[in-house]
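Asker: Hey, dropping query-v2.pdb in here, PDB, C-alpha atoms:
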ATOM      1  CA  MET G1283      54.122  -2.564  34.740
ATOM      2  CA  ALA G1284      52.013  -0.560  37.156
ATOM      3  CA  LYS G1285      53.394  -0.217  40.659
ATOM      4  CA  ILE G1286      51.671  -1.969  43.556
ATOM      5  CA  PHE G1287      51.713  -0.376  47.018
ATOM      6  CA  TYR G1288      51.205  -2.143  50.333
ATOM      7  CA  GLN G1289      50.769  -1.181  53.975
ATOM      8  CA  ASN G1290      54.468  -0.436  54.451
ATOM      9  CA  ASP G1291      54.351   2.055  51.569
ATOM     10  CA  CYS G1292      51.656   4.126  53.258
ATOM     11  CA  ASN G1293      51.976   6.634  56.072
ATOM     12  CA  LEU G1294      48.601   6.824  57.801
ATOM     13  CA  SER G1295      49.899   9.583  60.083
ATOM     14  CA  LEU G1296      49.728  11.962  57.108
ATOM     15  CA  LEU G1297      45.984  12.100  57.821
ATOM     16  CA  ASP G1298      46.615  13.365  61.365
ATOM     17  CA  GLY G1299      45.102  16.822  61.699
ATOM     18  CA  LYS G1300      43.301  16.471  58.368
ATOM     19  CA  LYS G1301      39.526  16.790  58.254
ATOM     20  CA  ILE G1302      37.909  14.361  55.821
ATOM     21  CA  ALA G1303      34.472  14.800  54.233
ATOM     22  CA  ILE G1304      32.747  11.738  52.805
ATOM     23  CA  ILE G1305      30.084  12.960  50.397
ATOM     24  CA  GLY G1306      27.319  10.375  50.245
ATOM     25  CA  TYR G1307      26.456   7.512  52.573
ATOM     26  CA  GLY G1308      25.573   4.629  50.268
ATOM     27  CA  SER G1309      27.428   1.359  49.741
ATOM     28  CA  GLN G1310      30.891   2.917  49.447
ATOM     29  CA  GLY G1311      30.195   5.994  51.557
ATOM     30  CA  HIS G1312      29.297   4.140  54.737
ATOM     31  CA  ALA G1313      32.340   1.858  54.393
ATOM     32  CA  HIS G1314      34.847   4.663  53.804
ATOM     33  CA  ALA G1315      33.445   6.807  56.612
ATOM     34  CA  LEU G1316      33.362   4.050  59.227
ATOM     35  CA  ASN G1317      36.718   2.537  58.255
ATOM     36  CA  LEU G1318      38.444   5.917  58.361
ATOM     37  CA  LYS G1319      36.836   6.762  61.692
ATOM     38  CA  GLU G1320      38.058   3.471  63.160
ATOM     39  CA  SER G1321      41.522   4.191  61.741
ATOM     40  CA  GLY G1322      41.592   7.295  63.913
ATOM     41  CA  CYS G1323      40.708   9.872  61.266
ATOM     42  CA  ASP G1324      38.590  12.994  61.705
ATOM     43  CA  VAL G1325      35.571  12.216  59.526
ATOM     44  CA  ARG G1326      32.294  13.893  58.741
ATOM     45  CA  VAL G1327      29.612  12.824  56.251
ATOM     46  CA  GLY G1328      28.146  15.352  53.813
ATOM     47  CA  LEU G1329      24.513  14.897  52.803
ATOM     48  CA  TYR G1330      21.633  17.012  51.539
ATOM     49  CA  ASN G1331      18.972  18.192  53.976
ATOM     50  CA  GLY G1332      16.259  15.563  54.214
ATOM     51  CA  SER G1333      18.478  12.637  53.207
ATOM     52  CA  LYS G1334      17.221   9.300  54.543
ATOM     53  CA  SER G1335      20.846   8.437  55.295
ATOM     54  CA  TRP G1336      21.311  11.315  57.735
ATOM     55  CA  LYS G1337      19.885   9.486  60.744
ATOM     56  CA  VAL G1338      21.532   6.207  59.709
ATOM     57  CA  ALA G1339      24.977   7.822  59.658
ATOM     58  CA  GLU G1340      24.395   9.567  62.987
ATOM     59  CA  GLU G1341      23.267   6.310  64.593
ATOM     60  CA  ALA G1342      26.553   4.778  63.408
ATOM     61  CA  GLY G1343      28.372   7.398  65.482
ATOM     62  CA  LEU G1344      29.345   9.713  62.629
ATOM     63  CA  THR G1345      29.140  13.492  62.424
ATOM     64  CA  VAL G1346      26.758  14.546  59.646
ATOM     65  CA  LYS G1347      26.530  17.965  58.018
ATOM     66  CA  THR G1348      25.201  19.391  54.793
ATOM     67  CA  THR G1349      27.506  18.774  51.854
ATOM     68  CA  ALA G1350      28.470  22.453  51.660
ATOM     69  CA  GLU G1351      29.274  22.612  55.394
ATOM     70  CA  ALA G1352      31.263  19.370  55.303
ATOM     71  CA  VAL G1353      33.343  20.548  52.334
ATOM     72  CA  LYS G1354      33.941  24.016  53.761
ATOM     73  CA  GLU G1355      35.583  22.677  56.925
ATOM     74  CA  SER G1356      37.501  19.780  55.352
ATOM     75  CA  ASP G1357      40.909  19.259  53.805
ATOM     76  CA  ILE G1358      40.048  16.039  51.936
ATOM     77  CA  ILE G1359      36.757  15.614  50.103
ATOM     78  CA  MET G1360      35.844  12.145  48.817
ATOM     79  CA  ILE G1361      32.838  12.147  46.455
ATOM     80  CA  LEU G1362      30.918   8.880  46.722
ATOM     81  CA  THR G1363      27.524   9.806  45.309
ATOM     82  CA  PRO G1364      26.214   8.184  42.088
ATOM     83  CA  ASP G1365      28.062   9.193  38.903
ATOM     84  CA  GLU G1366      25.039  10.898  37.392
ATOM     85  CA  LYS G1367      24.570  13.176  40.429
ATOM     86  CA  GLN G1368      28.158  14.210  41.033
ATOM     87  CA  ALA G1369      28.425  17.091  38.558
ATOM     88  CA  GLN G1370      25.441  18.953  40.007
ATOM     89  CA  ILE G1371      26.516  18.324  43.613
ATOM     90  CA  TYR G1372      30.008  19.519  42.740
ATOM     91  CA  LYS G1373      28.758  22.689  41.037
ATOM     92  CA  GLU G1374      26.305  23.636  43.779
ATOM     93  CA  ASP G1375      27.919  22.524  47.032
ATOM     94  CA  ILE G1376      31.555  21.519  46.540
ATOM     95  CA  GLU G1377      33.201  23.918  44.089
ATOM     96  CA  PRO G1378      32.157  27.122  45.967
ATOM     97  CA  ASN G1379      33.663  25.740  49.185
ATOM     98  CA  LEU G1380      36.980  24.335  47.941
ATOM     99  CA  GLU G1381      40.191  25.958  49.119
ATOM    100  CA  ALA G1382      43.681  25.877  47.642
ATOM    101  CA  GLY G1383      45.553  22.821  48.852
ATOM    102  CA  ASN G1384      42.449  20.705  49.389
ATOM    103  CA  MET G1385      42.361  17.187  47.971
ATOM    104  CA  LEU G1386      39.365  16.172  45.885
ATOM    105  CA  MET G1387      38.949  12.389  45.723
ATOM    106  CA  PHE G1388      36.900   9.932  43.706
ATOM    107  CA  ALA G1389      36.284   6.184  43.688
ATOM    108  CA  HIS G1390      35.532   6.188  39.943
ATOM    109  CA  GLY G1391      36.980   8.440  37.268
ATOM    110  CA  PHE G1392      33.868   8.996  35.132
ATOM    111  CA  ASN G1393      33.188  12.649  35.888
ATOM    112  CA  ILE G1394      36.817  13.741  35.757
ATOM    113  CA  HIS G1395      37.722  11.749  32.645
ATOM    114  CA  PHE G1396      34.641  12.869  30.721
ATOM    115  CA  GLN G1397      35.033  16.449  32.011
ATOM    116  CA  GLN G1398      31.715  16.708  33.796
ATOM    117  CA  ILE G1399      33.744  18.024  36.735
ATOM    118  CA  ILE G1400      36.685  20.355  36.061
ATOM    119  CA  PRO G1401      38.519  21.079  39.326
ATOM    120  CA  PRO G1402      40.508  24.267  39.944
ATOM    121  CA  ALA G1403      44.241  24.027  39.356
ATOM    122  CA  ASP G1404      45.165  24.603  43.013
ATOM    123  CA  VAL G1405      43.678  21.401  44.467
ATOM    124  CA  ASP G1406      44.920  17.821  44.363
ATOM    125  CA  VAL G1407      42.701  15.353  42.494
ATOM    126  CA  THR G1408      43.158  11.672  43.291
ATOM    127  CA  MET G1409      41.371   8.343  43.270
ATOM    128  CA  ILE G1410      41.070   5.391  45.606
ATOM    129  CA  ALA G1411      38.772   2.867  43.931
ATOM    130  CA  PRO G1412      38.045  -0.316  45.899
ATOM    131  CA  LYS G1413      37.667  -3.387  43.699
ATOM    132  CA  GLY G1414      34.647  -4.620  45.598
ATOM    133  CA  PRO G1415      31.272  -3.365  46.842
ATOM    134  CA  GLY G1416      31.203  -1.116  49.868
ATOM    135  CA  HIS G1417      29.742  -3.731  52.170
ATOM    136  CA  THR G1418      32.743  -5.947  51.414
ATOM    137  CA  VAL G1419      35.113  -3.013  51.986
ATOM    138  CA  ARG G1420      33.513  -2.697  55.407
ATOM    139  CA  SER G1421      33.290  -6.391  56.352
ATOM    140  CA  GLU G1422      36.886  -7.094  55.288
ATOM    141  CA  PHE G1423      38.133  -4.129  57.315
ATOM    142  CA  VAL G1424      36.250  -5.329  60.393
ATOM    143  CA  ALA G1425      37.794  -8.786  59.888
ATOM    144  CA  GLY G1426      41.273  -7.235  59.902
ATOM    145  CA  LYS G1427      41.713  -7.587  56.141
ATOM    146  CA  GLY G1428      41.144  -5.348  53.141
ATOM    147  CA  VAL G1429      39.840  -5.077  49.601
ATOM    148  CA  PRO G1430      42.390  -4.251  46.863
ATOM    149  CA  CYS G1431      42.049  -0.722  45.496
ATOM    150  CA  LEU G1432      43.205   1.251  42.495
ATOM    151  CA  ILE G1433      45.099   4.483  43.158
ATOM    152  CA  ALA G1434      45.491   7.330  40.684
ATOM    153  CA  VAL G1435      46.656  10.935  40.719
ATOM    154  CA  TYR G1436      45.013  13.234  38.170
ATOM    155  CA  GLN G1437      46.310  16.532  39.502
ATOM    156  CA  ASP G1438      49.132  17.105  41.993
ATOM    157  CA  ALA G1439      48.878  20.732  43.084
ATOM    158  CA  THR G1440      50.639  20.311  46.419
ATOM    159  CA  GLY G1441      53.371  17.881  45.415
ATOM    160  CA  HIS G1442      52.074  15.411  48.032
ATOM    161  CA  ALA G1443      48.934  14.080  46.355
ATOM    162  CA  GLN G1444      50.095  10.492  45.974
ATOM    163  CA  ASP G1445      51.374  10.197  49.545
ATOM    164  CA  LEU G1446      48.080  11.520  50.898
ATOM    165  CA  ALA G1447      46.047   9.231  48.645
ATOM    166  CA  LEU G1448      48.127   6.259  49.830
ATOM    167  CA  ALA G1449      47.379   7.254  53.421
ATOM    168  CA  TYR G1450      43.668   7.334  52.595
ATOM    169  CA  GLY G1451      43.965   3.889  50.991
ATOM    170  CA  ALA G1452      45.506   2.619  54.215
ATOM    171  CA  GLY G1453      42.776   4.304  56.239
ATOM    172  CA  ILE G1454      39.979   2.365  54.548
ATOM    173  CA  GLY G1455      41.963  -0.903  54.711
ATOM    174  CA  GLY G1456      42.870  -1.187  51.041
ATOM    175  CA  ALA G1457      46.611  -1.225  51.681
ATOM    176  CA  ARG G1458      46.194  -4.398  53.742
ATOM    177  CA  ALA G1459      45.532  -6.091  50.388
ATOM    178  CA  ALA G1460      47.116  -3.946  47.651
ATOM    179  CA  LEU G1461      46.885  -0.529  46.004
ATOM    180  CA  LEU G1462      47.459  -0.810  42.247
ATOM    181  CA  GLU G1463      48.653   2.333  40.483
ATOM    182  CA  THR G1464      46.571   3.415  37.491
ATOM    183  CA  THR G1465      45.201   6.533  35.785
ATOM    184  CA  PHE G1466      41.746   8.090  35.749
ATOM    185  CA  ARG G1467      41.432   7.248  32.053
ATOM    186  CA  THR G1468      42.426   3.598  32.457
ATOM    187  CA  GLU G1469      40.211   3.044  35.490
ATOM    188  CA  THR G1470      37.206   4.657  33.831
ATOM    189  CA  GLU G1471      37.477   2.915  30.482
ATOM    190  CA  THR G1472      38.295  -0.557  31.830
ATOM    191  CA  ASP G1473      35.644  -0.320  34.543
ATOM    192  CA  LEU G1474      32.916   0.604  32.055
ATOM    193  CA  PHE G1475      34.088  -2.089  29.634
ATOM    194  CA  GLY G1476      34.143  -4.778  32.321
ATOM    195  CA  GLU G1477      30.661  -3.854  33.533
ATOM    196  CA  GLN G1478      29.105  -3.718  30.099
ATOM    197  CA  CYS G1479      30.770  -6.604  28.284
ATOM    198  CA  VAL G1480      31.476  -9.112  31.040
ATOM    199  CA  LEU G1481      30.438  -8.589  34.654
ATOM    200  CA  CYS G1482      26.933  -7.186  34.234
ATOM    201  CA  GLY G1483      25.832  -6.928  30.606
ATOM    202  CA  GLY G1484      27.687  -9.976  29.323
ATOM    203  CA  VAL G1485      27.041 -12.390  32.183
ATOM    204  CA  THR G1486      23.374 -11.542  32.700
ATOM    205  CA  ALA G1487      22.649 -11.684  28.955
ATOM    206  CA  LEU G1488      24.364 -15.082  28.737
ATOM    207  CA  MET G1489      22.453 -16.491  31.714
ATOM    208  CA  GLN G1490      19.148 -15.120  30.445
ATOM    209  CA  ALA G1491      19.725 -16.513  26.955
ATOM    210  CA  GLY G1492      20.529 -19.952  28.371
ATOM    211  CA  PHE G1493      17.397 -19.853  30.540
ATOM    212  CA  GLU G1494      15.246 -18.866  27.561
ATOM    213  CA  VAL G1495      16.670 -21.555  25.245
ATOM    214  CA  LEU G1496      15.945 -24.315  27.766
ATOM    215  CA  CYS G1497      12.430 -23.006  28.425
ATOM    216  CA  GLU G1498      11.724 -22.713  24.685
ATOM    217  CA  ALA G1499      12.795 -26.348  24.338
ATOM    218  CA  GLY G1500      10.160 -27.374  26.870
ATOM    219  CA  TYR G1501      12.246 -27.840  30.016
ATOM    220  CA  ASP G1502      10.903 -26.877  33.431
ATOM    221  CA  PRO G1503      11.814 -23.206  34.094
ATOM    222  CA  ARG G1504      12.953 -24.168  37.596
ATOM    223  CA  ASN G1505      15.421 -26.659  36.124
ATOM    224  CA  ALA G1506      16.575 -24.002  33.646
ATOM    225  CA  TYR G1507      17.097 -21.516  36.483
ATOM    226  CA  PHE G1508      19.249 -23.935  38.459
ATOM    227  CA  GLU G1509      21.418 -24.854  35.482
ATOM    228  CA  CYS G1510      21.923 -21.422  33.937
ATOM    229  CA  ILE G1511      21.646 -18.956  36.816
ATOM    230  CA  HIS G1512      21.886 -20.486  40.282
ATOM    231  CA  GLU G1513      25.059 -22.459  39.581
ATOM    232  CA  MET G1514      26.879 -19.428  38.172
ATOM    233  CA  LYS G1515      27.932 -18.413  41.696
ATOM    234  CA  LEU G1516      29.429 -21.842  42.357
ATOM    235  CA  ILE G1517      31.609 -21.579  39.246
ATOM    236  CA  VAL G1518      32.598 -17.964  39.848
ATOM    237  CA  ASP G1519      33.568 -18.711  43.458
ATOM    238  CA  LEU G1520      35.967 -21.407  42.229
ATOM    239  CA  ILE G1521      37.486 -18.981  39.713
ATOM    240  CA  TYR G1522      37.750 -16.269  42.361
ATOM    241  CA  HIS G1523      39.620 -18.621  44.656
ATOM    242  CA  GLY G1524      41.996 -20.266  42.198
ATOM    243  CA  GLY G1525      41.464 -19.056  38.637
ATOM    244  CA  PHE G1526      40.166 -20.998  35.658
ATOM    245  CA  GLN G1527      42.550 -23.842  36.463
ATOM    246  CA  GLU G1528      41.028 -24.539  39.884
ATOM    247  CA  MET G1529      37.521 -24.303  38.463
ATOM    248  CA  ARG G1530      38.356 -26.841  35.752
ATOM    249  CA  HIS G1531      40.032 -29.098  38.286
ATOM    250  CA  SER G1532      36.885 -29.022  40.437
ATOM    251  CA  ILE G1533      34.261 -29.751  37.780
ATOM    252  CA  SER G1534      33.726 -33.090  36.050
ATOM    253  CA  ASP G1535      35.808 -34.092  33.040
ATOM    254  CA  THR G1536      32.571 -34.070  31.046
ATOM    255  CA  ALA G1537      31.988 -30.440  31.983
ATOM    256  CA  GLU G1538      35.608 -29.544  31.275
ATOM    257  CA  PHE G1539      35.461 -31.147  27.823
ATOM    258  CA  GLY G1540      32.285 -29.169  27.075
ATOM    259  CA  ASP G1541      34.044 -26.032  28.292
ATOM    260  CA  TYR G1542      36.831 -26.389  25.729
ATOM    261  CA  GLU G1543      34.630 -27.581  22.866
ATOM    262  CA  ILE G1544      31.565 -25.367  23.144
ATOM    263  CA  GLY G1545      32.741 -22.155  24.807
ATOM    264  CA  PRO G1546      34.313 -20.843  21.556
ATOM    265  CA  ARG G1547      31.016 -21.480  19.724
ATOM    266  CA  ILE G1548      29.204 -19.146  22.119
ATOM    267  CA  VAL G1549      31.802 -16.418  22.496
ATOM    268  CA  THR G1550      32.963 -16.065  18.922
ATOM    269  CA  GLU G1551      35.078 -13.576  17.003
ATOM    270  CA  ASP G1552      31.806 -11.735  16.320
ATOM    271  CA  THR G1553      31.355 -11.431  20.085
ATOM    272  CA  LYS G1554      34.852 -10.028  20.458
ATOM    273  CA  ASN G1555      34.184  -7.588  17.609
ATOM    274  CA  ALA G1556      31.091  -6.385  19.475
ATOM    275  CA  MET G1557      33.307  -5.960  22.549
ATOM    276  CA  ARG G1558      35.828  -3.990  20.501
ATOM    277  CA  LYS G1559      33.038  -1.719  19.243
ATOM    278  CA  THR G1560      31.822  -1.231  22.816
ATOM    279  CA  LEU G1561      35.336  -0.338  23.966
ATOM    280  CA  LYS G1562      35.661   2.176  21.138
ATOM    281  CA  GLU G1563      32.367   3.816  22.152
ATOM    282  CA  ILE G1564      33.627   4.056  25.729
ATOM    283  CA  GLN G1565      36.945   5.530  24.627
ATOM    284  CA  ASP G1566      35.453   8.125  22.271
ATOM    285  CA  GLY G1567      32.840   9.235  24.802
ATOM    286  CA  THR G1568      29.755   7.874  23.009
ATOM    287  CA  PHE G1569      28.569   5.869  26.021
ATOM    288  CA  ALA G1570      29.191   8.756  28.412
ATOM    289  CA  ARG G1571      27.233  11.166  26.209
ATOM    290  CA  ASN G1572      24.353   8.709  25.935
ATOM    291  CA  TRP G1573      24.218   8.142  29.705
ATOM    292  CA  ILE G1574      24.467  11.852  30.500
ATOM    293  CA  MET G1575      21.683  12.612  28.008
ATOM    294  CA  GLU G1576      19.540   9.774  29.394
ATOM    295  CA  ASN G1577      19.644  11.451  32.789
ATOM    296  CA  LYS G1578      18.875  14.870  31.331
ATOM    297  CA  VAL G1579      15.680  13.645  29.641
ATOM    298  CA  GLY G1580      14.224  11.854  32.654
ATOM    299  CA  ARG G1581      15.604   8.307  32.202
ATOM    300  CA  GLN G1582      12.577   7.106  30.235
ATOM    301  CA  HIS G1583      14.499   4.439  28.288
ATOM    302  CA  PHE G1584      16.478   3.365  31.357
ATOM    303  CA  ASN G1585      13.350   3.027  33.495
ATOM    304  CA  MET G1586      11.562   1.068  30.772
ATOM    305  CA  GLU G1587      14.469  -1.388  30.499
ATOM    306  CA  ARG G1588      14.612  -1.750  34.290
ATOM    307  CA  ARG G1589      10.888  -2.540  34.396
ATOM    308  CA  LEU G1590      10.991  -5.018  31.506
ATOM    309  CA  HIS G1591      13.923  -6.954  32.947
ATOM    310  CA  ALA G1592      12.324  -7.026  36.407
ATOM    311  CA  GLU G1593       9.242  -8.625  34.846
ATOM    312  CA  HIS G1594      11.148 -11.426  33.091
ATOM    313  CA  GLN G1595      10.068 -14.986  33.912
ATOM    314  CA  LEU G1596      13.470 -15.853  35.392
ATOM    315  CA  GLU G1597      12.942 -13.283  38.166
ATOM    316  CA  GLU G1598       9.709 -14.916  39.299
ATOM    317  CA  VAL G1599      11.182 -18.419  39.062
ATOM    318  CA  GLY G1600      14.273 -17.374  41.001
ATOM    319  CA  LYS G1601      12.217 -15.700  43.727
ATOM    320  CA  GLU G1602      10.127 -18.847  44.102
ATOM    321  CA  LEU G1603      13.149 -21.132  44.348
ATOM    322  CA  ARG G1604      15.137 -18.949  46.721
ATOM    323  CA  ALA G1605      12.202 -18.829  49.131
ATOM    324  CA  MET G1606      11.627 -22.577  48.965
ATOM    325  CA  TYR G1607      15.005 -24.080  49.786
ATOM    326  CA  SER G1608      17.025 -24.184  52.980
ATOM    327  CA  TRP G1609      20.079 -22.593  51.335
ATOM    328  CA  SER G1610      18.162 -19.376  50.843
ATOM    329  CA  ASP G1611      19.095 -16.384  52.982
ATOM    330  CA  GLU G1612      16.898 -13.964  51.056
ATOM    331  CA  LYS G1613      14.720 -11.846  53.303
TER     332      LYS G1613
END
Once more with this new file: its structure as structure tokens, please.
Answerer:
Amino acid sequence: MAKIFYQNDCNLSLLDGKKIAIIGYGSQGHAHALNLKESGCDVRVGLYNGSKSWKVAEEAGLTVKTTAEAVKESDIIMILTPDEKQAQIYKEDIEPNLEAGNMLMFAHGFNIHFQQIIPPADVDVTMIAPKGPGHTVRSEFVAGKGVPCLIAVYQDATGHAQDLALAYGAGIGGARAALLETTFRTETETDLFGEQCVLCGGVTALMQAGFEVLCEAGYDPRNAYFECIHEMKLIVDLIYHGGFQEMRHSISDTAEFGDYEIGPRIVTEDTKNAMRKTLKEIQDGTFARNWIMENKVGRQHFNMERRLHAEHQLEEVGKELRAMYSWSDEK
């Protein structure tokens, strides 16, 4: 079983005297930078000249420099830019400015595991991967709590990589919840699988299919949206709080009976076989190669899919409903 670390296992003072560069200031970047700063760490944000985030980070009280400058003066470099941009940023601005003994950090293992970034042998390479979006990492920290994180060591050049990574995990608040030990390979493959088969690809395809079936049968699209999309959050919140058991305790017996009887008709052995095929394509690098190539050729397929899904009827119906009812907080 993987080891789990908590606050008492981490020595935040190991970051004393260390300069930390947060590369990128998006969802995760802003949370890591601000949390570390409020934990007493010496933080600077690395961005490209002309970045829209430059002023935003400065207004939050952070020091901002170009990526190359931030890396050159830092001991710990956390890369929090999008996966598809990391290899170029690393090659142009990070690699030339690394020094022996530095620690290179990631919040997702994609570029290390699929060898888009190959660090020198004299630097530590570690991961702290929060299991939640950056805005939650930030809001939980402010509330005195934390979001669980994964921790991994890919390369231990100094002999202290894990201790320093644990300190970083404490600095962003993750150790207040838990830091689960893993590997870059496991994090990368399970993260991609979860996104594609369940959390994003699987759930959205299931909701969309349910919406379409009800509409094809002549039901009001607004009714279909409520039943197949809006209520998903209510069910997931129950599962998040107390697992499947609490969810089933909270719904009607009619719904619970339908759960047991019909769920296996929808998610069949064929579905699991498709999941197994997807996992295999993640493990053998097929998905990574396809995504890397998609970015090299201008994202034409990706952009077409994004446009087509944005134009689906359920998006218009959902926008209408969310604007109409008092429970809406959409701006």
Asker: Residues at most 10 Å from Gly1476 of chain G, counting all atoms listed in the file, excluding those fewer than 6 positions away in the same chain, as a ChimeraX atom specification?
Answerer: /G:1482-1484,1557,1561
Asker: Got a sec: who's within 10 Å of segment 1436-1440 of chain G, counting only C-alpha atoms, leaving out chain neighbours fewer than 6 positions off, as a PyMOL selection string?
Answerer: chain G and resi 1382-1387+1391+1394-1395+1401-1409+1464-1467
Asker: Which is closer to Gln1595 of chain G than all the others in G:Ala1491, G:Ile1574, G:Ala1537, G:Ile1359, using all atoms listed in the file?
Answerer: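 Of G:Ala1491, G:Ile1574, G:Ala1537, G:Ile1359, the one nearest Gln1595 of chain G, counting all atoms listed in the file, is G:Ala1491.
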Asker: Between atom CA of Ser1335 of chain G and atom CA of Ala1434 of chain G, what is the distance in Å, rounded to a tenth?
Answerer: 28.7 Å
Asker: For the atom pair atom CA of Ala1459 of chain G and atom CA of Val1419 of chain G, what is the interatomic distance in Å to one decimal place?
Answerer: 11.0 Å
Asker: List every protein, DNA or RNA residue that has at least one atom no more than 12 Å from (24.8, 17.8, 49.0) in the file's coordinates, counting all atoms listed in the file, and write the result as a count of residues only.
Answerer: 38
Asker: How many Å lie between atom CA of Glu1355 of chain G and atom CA of Gly1299 of chain G, rounded to one decimal?
Answerer: 12.2 Å
Asker: Neighbours of segment 1514-1521 of chain G within 12 Å (all atoms listed in the file; same-chain residues fewer than 3 positions away dropped), as an MDAnalysis selection string?
Answerer: chainID G and resid 1481 1485:1486 1488:1490 1492 1507:1511 1524:1533 1537:1538
Asker: With a distance cut-off of 7 Å and only C-alpha atoms, select the neighbouring residues of segment 1445-1457 of chain G, excluding the residue or stretch itself and same-chain residues fewer than 2 positions from it, and output the selection as a PyMOL selection string.
Answerer: chain G and resi 1287-1289+1292-1294+1296-1297+1314+1317-1318+1321+1408+1410+1423+1427-1431+1442-1443+1459-1461
Asker: Considering only C-alpha atoms, can you say which of G:Ser1421, G:Thr1560, G:Ser1356, G:Gln1444 comes closest to Gln1310 of chain G?
Answerer: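 Ranked by minimum distance to Gln1310 of chain G, first place goes to G:Ser1421.
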Asker: Can you pull out every residue within 12 Å of His1594 of chain G, counting only C-alpha atoms, but drop anything in the same chain fewer than 6 positions away, and send it as a short mmCIF file (atom, residue, chain, number, x, y, z; two decimals) with C-alpha atoms, in the coordinates of the input?
Answerer:
data_model
loop_
_atom_site.label_atom_id
_atom_site.label_comp_id
_atom_site.auth_asym_id
_atom_site.auth_seq_id
_atom_site.Cartn_x
_atom_site.Cartn_y
_atom_site.Cartn_z
CA GLN G 1490 19.15 -15.12 30.44
CA ALA G 1491 19.73 -16.51 26.96
CA PHE G 1493 17.40 -19.85 30.54
CA GLU G 1494 15.25 -18.87 27.56
CA PRO G 1503 11.81 -23.21 34.09
CA GLU G 1587 14.47 -1.39 30.50
CA ARG G 1588 14.61 -1.75 34.29
CA GLY G 1600 14.27 -17.37 41.00
CA LYS G 1601 12.22 -15.70 43.73
#
Asker: Under the rule that all atoms listed in the file are counted, which of G:His1591, G:Arg1581, G:His1523, G:His1512 is the nearest residue to Leu1603 of chain G?
Answerer: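 Going through G:His1591, G:Arg1581, G:His1523, G:His1512 one by one, the smallest distance to Leu1603 of chain G is for G:His1512.
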Asker: Between G:Met1575, G:Ala1313, G:Ala1570, G:Leu1590, which has the minimum distance to Arg1420 of chain G (counting all atoms listed in the file)?
Answerer: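 Result for the nearest residue to Arg1420 of chain G: G:Ala1313.
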